[in-house]
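Each remark here refers to the structure printed beneath this line.
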Amino acid sequence: MSGKIIGIRVIKPQNNYQRPTISNRTMISGRTENTTNETTNTRHENMGGIVYLVVDCSGSMEGYKMGQAKQGILEFAQDAIKKDYPVGLIKFSSTATHLCEPKHNVEDLSAYLDDMDANGSTNMAAAIAMANEHLNDTRYTRVMVIVTDGRPDRTQFALQAGQIAKNEGIDIITIGTDDADVSFLKKLATNEEFGNKVSSEQFAKAIGSAHLLLPDPDKAFNNKLLSHAQDESLEYSKHYSYNFAR
């Protein structure tokens with residue numbers, strides 16, 4: 001009869017998928033790890049945060065603005081490290097250069113500031129891609145802070161590189177001054193609140209204050225666990241479907 005349900009049949013998965021339960025998990029370091037053969041073992045561990053400062057060292061940054069940037073870097077690092085974020089450093093002009101891995105104290109980081117000299121153009125896309133490569137450990141809460149005084153050589157390439165990083169779970173904070181395009185900064189950042197433009201006199205203060213935007217690593221870790229649990233539940237549900245015959 002039209003419109004009448006005459007049968008419901010449960011179609012079971014063909015790959016013998018088994019939803020992980022307490023009985024088929026192993027306790028490791030106080031956390032549960034799935035040990036079923038059908039799913040990949042994943043150990044969740046909160047490792048804190050990592051942040052890279054990605055600093056424009058193009059020719060227009062020479063002089064006062066470079067001094068402001070270096071002052072802001074030291075102020076930012078001091079507070080970021082207190083929040084469990086070691087700080088790494090990448091500079092960019094016509095090319096991108098990785099200056100140092102994330103440091104746990106300001107003194108170690110400050111030794112690399114002398115290598116920040118202003119020259120060349122603004123290849124921001126290469127610097128974002130480089131930061132993304134170094135922020136590849138998903139056990140950490142990962143952030144890059146981009147500091148610039150102008151427009152990138154290729155705006156679309158920079159936005160594309162930024163989107164790749166954001167898709168991989170990396171937060172982007174942008175701080176600009178002078179010729180920087182505020183609409184571009186907000187589009188590149190994780191959200192509009194993370195994109196800001198200030199006067200050159202406020203440049204150091206804005207960079208230093210960026211630590212206030214760093215996510216709490218513990219909260220970010222808990223959100224990641226929740227997201228993983230939701231994904232696991234969704235994966236399980238996909239293995240069962242209902243066939244309604246009419």
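Ordering of the structure tokens sets the chain letters (A, B, ...), residue numbers begin anew at 1 in every chain, and ligands are numbered from 1 in the order given.
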Selection: 10 Å around A:Met61, only C-alpha atoms, excl. self and same-chain fewer than 4 positions, as an NGL selection string: :A and (55-57 or 65-69 or 93 or 117-120 or 148-150 or 178)
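Atom CA of A:Tyr112 sits 28.5 Å away from atom CA of A:Lys186.
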A:Gly48 surroundings by only C-alpha atoms, 9 Å radius, close-in-sequence under 2 positions cut, as a PyMOL selection string: chain A and resi 46+50+83-85+139-142+216-218+221
From A:Asn191, A:Gln202, A:Asn132, A:Gln163, residue lying nearest A:Ile90 [only C-alpha atoms]: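 With only C-alpha atoms as the atom set, the closest residue is A:Asn132.
Shortest separation to A:Gln78 among A:Thr174, A:Ser110, A:Thr155, A:Asn105 occurs at residue A:Asn105, atoms counted being only C-alpha atoms.
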Residue contacts of A:Leu188 (8 Å, only C-alpha atoms) excluding same-chain residues fewer than 2 positions away, as a ChimeraX atom specification: /A:158-159,162-163,172,174,184-186,190,195
